[in-house]
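Enquirer: Input query-v4.cif, format and content: mmCIF, N, CA and C atoms.
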```
data_final
#
loop_
_atom_site.label_atom_id
_atom_site.label_comp_id
_atom_site.auth_asym_id
_atom_site.auth_seq_id
_atom_site.Cartn_x
_atom_site.Cartn_y
_atom_site.Cartn_z
N GLY A 1 119.50 50.44 166.23
CA GLY A 1 118.47 50.30 165.23
C GLY A 1 117.31 51.25 165.49
N MET A 2 116.23 50.97 164.84
CA MET A 2 115.04 51.83 164.90
C MET A 2 114.47 51.92 166.32
N ALA A 3 114.44 50.81 167.04
CA ALA A 3 113.90 50.83 168.41
C ALA A 3 114.73 51.74 169.31
N ARG A 4 116.05 51.66 169.15
CA ARG A 4 116.95 52.52 169.94
C ARG A 4 116.72 53.98 169.60
N ASN A 5 116.63 54.29 168.32
CA ASN A 5 116.40 55.67 167.90
C ASN A 5 115.07 56.20 168.43
N ASN A 6 114.03 55.37 168.36
CA ASN A 6 112.72 55.80 168.88
C ASN A 6 112.80 56.07 170.38
N ALA A 7 113.53 55.24 171.09
CA ALA A 7 113.70 55.44 172.53
C ALA A 7 114.43 56.74 172.82
N LEU A 8 115.48 57.03 172.06
CA LEU A 8 116.25 58.26 172.28
C LEU A 8 115.41 59.50 171.95
N VAL A 9 114.63 59.44 170.89
CA VAL A 9 113.75 60.56 170.55
C VAL A 9 112.72 60.74 171.66
N GLY A 10 112.22 59.65 172.21
CA GLY A 10 111.29 59.73 173.33
C GLY A 10 111.90 60.39 174.55
N ILE A 11 113.17 60.08 174.80
CA ILE A 11 113.87 60.73 175.92
C ILE A 11 113.94 62.24 175.69
N VAL A 12 114.28 62.63 174.48
CA VAL A 12 114.35 64.06 174.15
C VAL A 12 112.98 64.71 174.37
N GLN A 13 111.93 64.05 173.91
CA GLN A 13 110.58 64.61 174.05
C GLN A 13 110.21 64.83 175.52
N ARG A 14 110.58 63.92 176.38
CA ARG A 14 110.25 64.07 177.80
C ARG A 14 111.16 65.10 178.47
N TRP A 15 112.45 65.03 178.15
CA TRP A 15 113.43 65.92 178.77
C TRP A 15 113.18 67.38 178.41
N VAL A 16 112.77 67.63 177.17
CA VAL A 16 112.57 69.01 176.73
C VAL A 16 111.45 69.68 177.53
N GLN A 17 110.58 68.89 178.13
CA GLN A 17 109.50 69.45 178.95
C GLN A 17 110.02 70.11 180.23
N VAL A 18 111.17 69.65 180.72
CA VAL A 18 111.70 70.20 181.97
C VAL A 18 113.01 70.97 181.80
N GLN A 19 113.81 70.57 180.83
CA GLN A 19 115.09 71.25 180.57
C GLN A 19 115.28 71.35 179.06
N PRO A 20 114.55 72.27 178.43
CA PRO A 20 114.56 72.31 176.96
C PRO A 20 115.93 72.52 176.32
N GLU A 21 116.71 73.44 176.87
CA GLU A 21 118.01 73.70 176.24
C GLU A 21 118.95 72.51 176.39
N ALA A 22 118.97 71.90 177.55
CA ALA A 22 119.83 70.73 177.76
C ALA A 22 119.40 69.59 176.83
N ALA A 23 118.11 69.37 176.71
CA ALA A 23 117.62 68.30 175.83
C ALA A 23 117.96 68.59 174.37
N ALA A 24 117.78 69.84 173.95
CA ALA A 24 118.08 70.20 172.57
C ALA A 24 119.57 70.08 172.29
N ASN A 25 120.40 70.50 173.24
CA ASN A 25 121.85 70.36 173.06
C ASN A 25 122.26 68.90 172.94
N TRP A 26 121.64 68.05 173.75
CA TRP A 26 121.94 66.61 173.69
C TRP A 26 121.54 66.07 172.31
N ALA A 27 120.34 66.45 171.85
CA ALA A 27 119.87 65.99 170.54
C ALA A 27 120.79 66.47 169.42
N ALA A 28 121.25 67.71 169.52
CA ALA A 28 122.13 68.26 168.49
C ALA A 28 123.50 67.60 168.48
N GLY A 29 123.84 66.93 169.57
CA GLY A 29 125.13 66.26 169.67
C GLY A 29 125.16 64.88 169.03
N PHE A 30 124.00 64.37 168.62
CA PHE A 30 124.00 63.08 167.93
C PHE A 30 124.70 63.22 166.59
N PRO A 31 125.25 62.12 166.06
CA PRO A 31 125.88 62.19 164.74
C PRO A 31 124.85 62.56 163.66
N GLU A 32 125.34 63.15 162.59
CA GLU A 32 124.47 63.49 161.46
C GLU A 32 123.66 62.27 161.06
N GLY A 33 122.40 62.49 160.78
CA GLY A 33 121.52 61.40 160.35
C GLY A 33 120.12 61.59 160.90
N SER A 34 119.30 60.59 160.68
CA SER A 34 117.89 60.72 161.04
C SER A 34 117.67 60.86 162.54
N LEU A 35 118.48 60.20 163.36
CA LEU A 35 118.30 60.33 164.81
C LEU A 35 118.50 61.79 165.23
N ARG A 36 119.56 62.40 164.74
CA ARG A 36 119.82 63.80 165.10
C ARG A 36 118.71 64.71 164.58
N THR A 37 118.34 64.51 163.33
CA THR A 37 117.31 65.34 162.72
C THR A 37 115.98 65.19 163.44
N ASP A 38 115.57 63.96 163.69
CA ASP A 38 114.29 63.72 164.37
C ASP A 38 114.31 64.26 165.79
N SER A 39 115.42 64.11 166.49
CA SER A 39 115.52 64.58 167.87
C SER A 39 115.47 66.10 167.94
N VAL A 40 116.22 66.77 167.07
CA VAL A 40 116.20 68.23 167.04
C VAL A 40 114.81 68.73 166.67
N ASP A 41 114.19 68.10 165.69
CA ASP A 41 112.85 68.47 165.26
C ASP A 41 111.87 68.40 166.43
N ASN A 42 111.87 67.29 167.14
CA ASN A 42 110.97 67.13 168.27
C ASN A 42 111.27 68.12 169.38
N ALA A 43 112.54 68.33 169.66
CA ALA A 43 112.91 69.28 170.71
C ALA A 43 112.41 70.69 170.38
N VAL A 44 112.62 71.12 169.15
CA VAL A 44 112.20 72.46 168.74
C VAL A 44 110.69 72.59 168.77
N ARG A 45 109.99 71.60 168.25
CA ARG A 45 108.52 71.67 168.24
C ARG A 45 107.96 71.85 169.66
N LEU A 46 108.44 71.03 170.57
CA LEU A 46 107.92 71.08 171.93
C LEU A 46 108.38 72.33 172.68
N TRP A 47 109.64 72.70 172.48
CA TRP A 47 110.18 73.88 173.15
C TRP A 47 109.48 75.15 172.66
N ALA A 48 109.27 75.26 171.36
CA ALA A 48 108.66 76.45 170.78
C ALA A 48 107.22 76.63 171.25
N GLU A 49 106.54 75.54 171.59
CA GLU A 49 105.18 75.67 172.12
C GLU A 49 105.19 76.40 173.46
N ARG A 50 106.28 76.28 174.20
CA ARG A 50 106.38 76.87 175.53
C ARG A 50 107.14 78.18 175.55
N ASP A 51 108.16 78.32 174.68
CA ASP A 51 109.01 79.51 174.71
C ASP A 51 109.60 79.75 173.32
N LEU A 52 108.86 80.46 172.50
CA LEU A 52 109.30 80.74 171.13
C LEU A 52 110.65 81.43 171.09
N ARG A 53 110.81 82.43 171.94
CA ARG A 53 112.04 83.22 171.91
C ARG A 53 113.27 82.36 172.20
N ALA A 54 113.22 81.59 173.26
CA ALA A 54 114.37 80.77 173.64
C ALA A 54 114.68 79.70 172.59
N ALA A 55 113.65 79.10 172.04
CA ALA A 55 113.87 78.09 170.99
C ALA A 55 114.52 78.73 169.76
N GLY A 56 114.08 79.92 169.41
CA GLY A 56 114.67 80.61 168.27
C GLY A 56 116.12 81.00 168.51
N GLU A 57 116.40 81.48 169.71
CA GLU A 57 117.79 81.84 170.04
C GLU A 57 118.69 80.61 169.97
N TRP A 58 118.18 79.48 170.42
CA TRP A 58 118.97 78.25 170.36
C TRP A 58 119.21 77.85 168.91
N LEU A 59 118.20 77.95 168.08
CA LEU A 59 118.36 77.60 166.67
C LEU A 59 119.41 78.46 165.98
N LEU A 60 119.50 79.71 166.37
CA LEU A 60 120.51 80.60 165.78
C LEU A 60 121.93 80.11 166.07
N ARG A 61 122.11 79.40 167.16
CA ARG A 61 123.43 78.90 167.54
C ARG A 61 123.72 77.50 166.97
N LEU A 62 122.69 76.85 166.43
CA LEU A 62 122.87 75.50 165.92
C LEU A 62 123.63 75.53 164.60
N LYS A 63 124.59 74.64 164.47
CA LYS A 63 125.41 74.55 163.27
C LYS A 63 124.52 74.29 162.03
N PRO A 64 124.78 75.01 160.93
CA PRO A 64 124.00 74.77 159.72
C PRO A 64 124.07 73.31 159.29
N GLY A 65 122.98 72.85 158.72
CA GLY A 65 122.90 71.47 158.24
C GLY A 65 121.46 71.01 158.22
N ARG A 66 121.28 69.75 157.95
CA ARG A 66 119.94 69.18 157.82
C ARG A 66 119.13 69.33 159.12
N ALA A 67 119.73 69.03 160.26
CA ALA A 67 119.00 69.12 161.52
C ALA A 67 118.53 70.55 161.78
N ARG A 68 119.38 71.51 161.49
CA ARG A 68 118.98 72.91 161.69
C ARG A 68 117.85 73.28 160.74
N ASP A 69 117.95 72.88 159.48
CA ASP A 69 116.88 73.18 158.53
C ASP A 69 115.55 72.60 158.98
N VAL A 70 115.57 71.36 159.44
CA VAL A 70 114.34 70.72 159.91
C VAL A 70 113.83 71.43 161.17
N GLY A 71 114.74 71.78 162.07
CA GLY A 71 114.35 72.51 163.28
C GLY A 71 113.75 73.86 162.96
N VAL A 72 114.35 74.58 162.04
CA VAL A 72 113.83 75.89 161.65
C VAL A 72 112.47 75.74 160.98
N SER A 73 112.32 74.71 160.17
CA SER A 73 111.03 74.46 159.53
C SER A 73 109.94 74.25 160.58
N SER A 74 110.24 73.49 161.61
CA SER A 74 109.27 73.28 162.70
C SER A 74 109.02 74.57 163.46
N TYR A 75 110.07 75.34 163.65
CA TYR A 75 109.96 76.61 164.35
C TYR A 75 109.04 77.56 163.59
N VAL A 76 109.18 77.59 162.28
CA VAL A 76 108.33 78.45 161.44
C VAL A 76 106.86 78.10 161.65
N GLU A 77 106.56 76.82 161.73
CA GLU A 77 105.17 76.39 161.94
C GLU A 77 104.60 76.91 163.25
N LYS A 78 105.41 77.00 164.28
CA LYS A 78 104.96 77.52 165.57
C LYS A 78 104.94 79.05 165.58
N LEU A 79 105.97 79.66 164.99
CA LEU A 79 106.11 81.12 165.01
C LEU A 79 105.06 81.83 164.17
N VAL A 80 104.62 81.20 163.10
CA VAL A 80 103.72 81.87 162.16
C VAL A 80 102.42 82.32 162.83
N VAL A 81 102.01 81.62 163.86
CA VAL A 81 100.78 81.99 164.57
C VAL A 81 100.96 83.33 165.28
N ALA A 82 102.11 83.53 165.89
CA ALA A 82 102.37 84.74 166.66
C ALA A 82 102.94 85.88 165.83
N ASP A 83 103.75 85.54 164.82
CA ASP A 83 104.48 86.57 164.09
C ASP A 83 104.80 86.11 162.66
N PRO A 84 103.83 86.25 161.75
CA PRO A 84 104.03 85.78 160.38
C PRO A 84 105.22 86.44 159.66
N VAL A 85 105.49 87.69 159.95
CA VAL A 85 106.60 88.38 159.29
C VAL A 85 107.93 87.74 159.69
N SER A 86 108.11 87.52 160.98
CA SER A 86 109.34 86.85 161.44
C SER A 86 109.41 85.42 160.92
N ALA A 87 108.26 84.74 160.89
CA ALA A 87 108.23 83.37 160.39
C ALA A 87 108.72 83.32 158.94
N GLU A 88 108.33 84.30 158.15
CA GLU A 88 108.78 84.35 156.77
C GLU A 88 110.30 84.54 156.69
N SER A 89 110.84 85.41 157.53
CA SER A 89 112.29 85.63 157.55
C SER A 89 113.03 84.34 157.90
N TRP A 90 112.50 83.60 158.87
CA TRP A 90 113.11 82.32 159.23
C TRP A 90 113.01 81.34 158.07
N ALA A 91 111.85 81.28 157.43
CA ALA A 91 111.66 80.33 156.33
C ALA A 91 112.63 80.59 155.19
N VAL A 92 112.84 81.85 154.87
CA VAL A 92 113.75 82.21 153.78
C VAL A 92 115.18 81.76 154.09
N ALA A 93 115.52 81.67 155.36
CA ALA A 93 116.88 81.30 155.76
C ALA A 93 117.15 79.80 155.72
N ILE A 94 116.14 79.00 155.44
CA ILE A 94 116.33 77.54 155.36
C ILE A 94 117.09 77.22 154.09
N SER A 95 118.18 76.47 154.21
CA SER A 95 119.00 76.19 153.02
C SER A 95 118.41 75.11 152.13
N ASP A 96 117.71 74.15 152.69
CA ASP A 96 117.10 73.08 151.89
C ASP A 96 115.90 73.66 151.12
N PRO A 97 115.94 73.60 149.78
CA PRO A 97 114.88 74.25 149.00
C PRO A 97 113.48 73.69 149.25
N VAL A 98 113.36 72.41 149.49
CA VAL A 98 112.05 71.81 149.74
C VAL A 98 111.49 72.30 151.08
N LEU A 99 112.32 72.27 152.11
CA LEU A 99 111.89 72.76 153.42
C LEU A 99 111.63 74.26 153.40
N ARG A 100 112.45 75.00 152.66
CA ARG A 100 112.25 76.45 152.55
C ARG A 100 110.88 76.73 151.94
N GLN A 101 110.56 76.03 150.86
CA GLN A 101 109.26 76.24 150.20
C GLN A 101 108.11 75.84 151.11
N ARG A 102 108.29 74.75 151.85
CA ARG A 102 107.26 74.32 152.80
C ARG A 102 107.01 75.41 153.84
N GLY A 103 108.09 76.01 154.34
CA GLY A 103 107.94 77.08 155.32
C GLY A 103 107.25 78.29 154.74
N LEU A 104 107.62 78.65 153.53
CA LEU A 104 106.97 79.80 152.87
C LEU A 104 105.50 79.52 152.60
N ASP A 105 105.18 78.27 152.28
CA ASP A 105 103.78 77.90 152.08
C ASP A 105 102.98 78.02 153.37
N VAL A 106 103.58 77.64 154.50
CA VAL A 106 102.93 77.78 155.80
C VAL A 106 102.62 79.25 156.07
N VAL A 107 103.58 80.10 155.78
CA VAL A 107 103.38 81.54 155.98
C VAL A 107 102.28 82.06 155.07
N ALA A 108 102.30 81.66 153.80
CA ALA A 108 101.29 82.12 152.85
C ALA A 108 99.89 81.67 153.27
N ARG A 109 99.76 80.42 153.71
CA ARG A 109 98.46 79.93 154.18
C ARG A 109 97.98 80.73 155.39
N SER A 110 98.89 81.03 156.27
CA SER A 110 98.54 81.80 157.46
C SER A 110 98.04 83.18 157.08
N ARG A 111 98.69 83.77 156.14
CA ARG A 111 98.29 85.12 155.71
C ARG A 111 96.93 85.10 155.01
N ARG A 112 96.67 84.05 154.23
CA ARG A 112 95.36 83.95 153.57
C ARG A 112 94.25 83.80 154.62
N VAL A 113 94.50 82.99 155.63
CA VAL A 113 93.52 82.77 156.67
C VAL A 113 93.27 84.03 157.48
N SER A 114 94.35 84.78 157.78
CA SER A 114 94.21 85.97 158.61
C SER A 114 93.84 87.21 157.79
N GLY A 115 93.92 87.11 156.47
CA GLY A 115 93.56 88.23 155.62
C GLY A 115 94.68 89.23 155.42
N ASP A 116 95.93 88.89 155.79
CA ASP A 116 97.07 89.80 155.61
C ASP A 116 97.51 89.84 154.16
#
```
Can you turn what I pasted into structure tokens?

Expert:
Amino acid sequence: GMARNNALVGIVQRWVQVQPEAAANWAAGFPEGSLRTDSVDNAVRLWAERDLRAAGEWLLRLKPGRARDVGVSSYVEKLVVADPVSAESWAVAISDPVLRQRGLDVVARSRRVSGD
């Protein structure tokens, strides 16, 4: 149930601090659904704060689907600060139209703030 899922997401959040790739791989191995999506999302958010390059390389290997789209969306939010052009390329690659638009909006807001 929900308590179990919250506990598993918490494990991913803690594990990603010390072994990000192992934690992300574990999260990606959950069955399709909210647990997998939430776990991948949290793993990418935390990992990208520490190592954008490695998190991005891992996302490139993740099987297409909802979890990848959510992970890429989170990645775009972190990447846009360092590299808005690359963030836009990632956002365009999101297959879910709502998440894709959200990513493009993040990039557009960043460009307005920075004057690009």

Enquirer: Report, in Å to a single decimal, how far apart atom CA of A:Gly71 and atom C of A:Asp96 are.

Expert: 12.3 Å

Enquirer: Looking at A:Ala7, A:Ala48, A:Ala67, A:Val16, which one is nearest to A:Ala28, with distances taken over all atoms listed in the file?

Expert: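 Comparing A:Ala7, A:Ala48, A:Ala67, A:Val16 against A:Ala28, the winner is A:Ala67.
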
Enquirer: Find, counting only N, CA and C atoms, the residue in A:Arg102, A:Lys78, A:Arg68, A:Arg61 that gets nearest to A:Val40.

Expert: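 Closest to A:Val40 of all the choices is A:Arg68.
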
Enquirer: For this file, the PyMOL selection byres (((chain A and resi 79-95 and name CA) around 8) and name CA) selects which residues, as a VMD selection string?

Expert: chain A and resid 48 52 69 72 to 73 75 to 78 96 to 97 99 to 101 103 to 104 106 to 107 110 to 111

Enquirer: Would you return as a VMD selection string the members of chain A that DSSP assigns to alpha helix (DSSP H) on this structure's backbone?

Expert: chain A and resid 2 to 15 20 to 28 34 to 50 52 to 61 66 to 82 84 to 92 97 to 114

Enquirer: In Å, with one decimal, what is the gap from atom CA of A:Ala3 to atom CA of A:Asn25?

Expert: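 Here the two named atoms are 21.6 Å from each other.
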
Enquirer: Write out as a list in words which residues come within 8 Å of A:Asp38 when counting only N, CA and C atoms, dropping same-chain ones fewer than 6 positions away.

Expert: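 The residues that qualify are Leu8, Val9, Ala27, Val44, Arg66, Ala67 and Val70 of chain A.
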
Enquirer: Any idea what the distance is between atom CA of A:Met2 and atom C of A:Gly29?

Expert: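 Those two atoms sit 17.0 Å apart.
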
Enquirer: Please provide as a list of chain:residue names all residues within 10 Å of A:Leu46, with the sequence filter that same-chain residues fewer than 4 positions apart are discarded (counting only C-alpha atoms).

Expert: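 What passes the distance filter is A:Val12, A:Gln13, A:Arg14, A:Val16, A:Gln17, A:Pro20, A:Asp41, A:Asn42, A:Arg50, A:Asp51, A:Leu52, A:Ala55, A:Ser74, A:Tyr75, A:Lys78.
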
Enquirer: Because the input lacks atoms here, generate N, CA, C and O atoms for stretch 41-59 of chain A and report them as a PDB file, in the frame of the given file.

Expert:
```pdb
ATOM      1  N   ASP A  41     114.190  68.100 165.690  1.00  0.00           N
ATOM      2  CA  ASP A  41     112.850  68.470 165.260  1.00  0.00           C
ATOM      3  C   ASP A  41     111.870  68.400 166.430  1.00  0.00           C
ATOM      4  O   ASP A  41     111.131  69.353 166.697  1.00  0.00           O
ATOM      5  N   ASN A  42     111.870  67.290 167.140  1.00  0.00           N
ATOM      6  CA  ASN A  42     110.970  67.130 168.270  1.00  0.00           C
ATOM      7  C   ASN A  42     111.270  68.120 169.380  1.00  0.00           C
ATOM      8  O   ASN A  42     110.347  68.688 169.978  1.00  0.00           O
ATOM      9  N   ALA A  43     112.540  68.330 169.660  1.00  0.00           N
ATOM     10  CA  ALA A  43     112.910  69.280 170.710  1.00  0.00           C
ATOM     11  C   ALA A  43     112.410  70.690 170.380  1.00  0.00           C
ATOM     12  O   ALA A  43     111.819  71.365 171.222  1.00  0.00           O
ATOM     13  N   VAL A  44     112.620  71.120 169.150  1.00  0.00           N
ATOM     14  CA  VAL A  44     112.200  72.460 168.740  1.00  0.00           C
ATOM     15  C   VAL A  44     110.690  72.590 168.770  1.00  0.00           C
ATOM     16  O   VAL A  44     110.153  73.590 169.265  1.00  0.00           O
ATOM     17  N   ARG A  45     109.990  71.600 168.250  1.00  0.00           N
ATOM     18  CA  ARG A  45     108.520  71.670 168.240  1.00  0.00           C
ATOM     19  C   ARG A  45     107.960  71.850 169.660  1.00  0.00           C
ATOM     20  O   ARG A  45     107.115  72.708 169.897  1.00  0.00           O
ATOM     21  N   LEU A  46     108.440  71.030 170.570  1.00  0.00           N
ATOM     22  CA  LEU A  46     107.920  71.080 171.930  1.00  0.00           C
ATOM     23  C   LEU A  46     108.380  72.330 172.680  1.00  0.00           C
ATOM     24  O   LEU A  46     107.607  72.959 173.405  1.00  0.00           O
ATOM     25  N   TRP A  47     109.640  72.700 172.480  1.00  0.00           N
ATOM     26  CA  TRP A  47     110.180  73.880 173.150  1.00  0.00           C
ATOM     27  C   TRP A  47     109.480  75.150 172.660  1.00  0.00           C
ATOM     28  O   TRP A  47     109.104  76.020 173.456  1.00  0.00           O
ATOM     29  N   ALA A  48     109.270  75.260 171.360  1.00  0.00           N
ATOM     30  CA  ALA A  48     108.660  76.450 170.780  1.00  0.00           C
ATOM     31  C   ALA A  48     107.220  76.630 171.250  1.00  0.00           C
ATOM     32  O   ALA A  48     106.718  77.766 171.310  1.00  0.00           O
ATOM     33  N   GLU A  49     106.540  75.540 171.590  1.00  0.00           N
ATOM     34  CA  GLU A  49     105.180  75.670 172.120  1.00  0.00           C
ATOM     35  C   GLU A  49     105.190  76.400 173.460  1.00  0.00           C
ATOM     36  O   GLU A  49     104.231  77.074 173.797  1.00  0.00           O
ATOM     37  N   ARG A  50     106.280  76.280 174.200  1.00  0.00           N
ATOM     38  CA  ARG A  50     106.380  76.870 175.530  1.00  0.00           C
ATOM     39  C   ARG A  50     107.140  78.180 175.550  1.00  0.00           C
ATOM     40  O   ARG A  50     106.858  79.052 176.371  1.00  0.00           O
ATOM     41  N   ASP A  51     108.160  78.320 174.680  1.00  0.00           N
ATOM     42  CA  ASP A  51     109.010  79.510 174.710  1.00  0.00           C
ATOM     43  C   ASP A  51     109.600  79.750 173.320  1.00  0.00           C
ATOM     44  O   ASP A  51     110.712  79.296 173.018  1.00  0.00           O
ATOM     45  N   LEU A  52     108.860  80.460 172.500  1.00  0.00           N
ATOM     46  CA  LEU A  52     109.300  80.740 171.130  1.00  0.00           C
ATOM     47  C   LEU A  52     110.650  81.430 171.090  1.00  0.00           C
ATOM     48  O   LEU A  52     111.515  81.080 170.292  1.00  0.00           O
ATOM     49  N   ARG A  53     110.810  82.430 171.940  1.00  0.00           N
ATOM     50  CA  ARG A  53     112.040  83.220 171.910  1.00  0.00           C
ATOM     51  C   ARG A  53     113.270  82.360 172.200  1.00  0.00           C
ATOM     52  O   ARG A  53     114.253  82.390 171.466  1.00  0.00           O
ATOM     53  N   ALA A  54     113.220  81.590 173.260  1.00  0.00           N
ATOM     54  CA  ALA A  54     114.370  80.770 173.640  1.00  0.00           C
ATOM     55  C   ALA A  54     114.680  79.700 172.590  1.00  0.00           C
ATOM     56  O   ALA A  54     115.841  79.460 172.262  1.00  0.00           O
ATOM     57  N   ALA A  55     113.650  79.100 172.040  1.00  0.00           N
ATOM     58  CA  ALA A  55     113.870  78.090 170.990  1.00  0.00           C
ATOM     59  C   ALA A  55     114.520  78.730 169.760  1.00  0.00           C
ATOM     60  O   ALA A  55     115.438  78.157 169.161  1.00  0.00           O
ATOM     61  N   GLY A  56     114.080  79.920 169.410  1.00  0.00           N
ATOM     62  CA  GLY A  56     114.670  80.610 168.270  1.00  0.00           C
ATOM     63  C   GLY A  56     116.120  81.000 168.510  1.00  0.00           C
ATOM     64  O   GLY A  56     116.966  80.859 167.628  1.00  0.00           O
ATOM     65  N   GLU A  57     116.400  81.480 169.710  1.00  0.00           N
ATOM     66  CA  GLU A  57     117.790  81.840 170.040  1.00  0.00           C
ATOM     67  C   GLU A  57     118.690  80.610 169.970  1.00  0.00           C
ATOM     68  O   GLU A  57     119.830  80.696 169.502  1.00  0.00           O
ATOM     69  N   TRP A  58     118.180  79.480 170.420  1.00  0.00           N
ATOM     70  CA  TRP A  58     118.970  78.250 170.360  1.00  0.00           C
ATOM     71  C   TRP A  58     119.210  77.850 168.910  1.00  0.00           C
ATOM     72  O   TRP A  58     120.331  77.478 168.543  1.00  0.00           O
ATOM     73  N   LEU A  59     118.200  77.950 168.080  1.00  0.00           N
ATOM     74  CA  LEU A  59     118.360  77.600 166.670  1.00  0.00           C
ATOM     75  C   LEU A  59     119.410  78.460 165.980  1.00  0.00           C
ATOM     76  O   LEU A  59     120.138  77.979 165.107  1.00  0.00           O
TER      77      LEU A  59
END
```
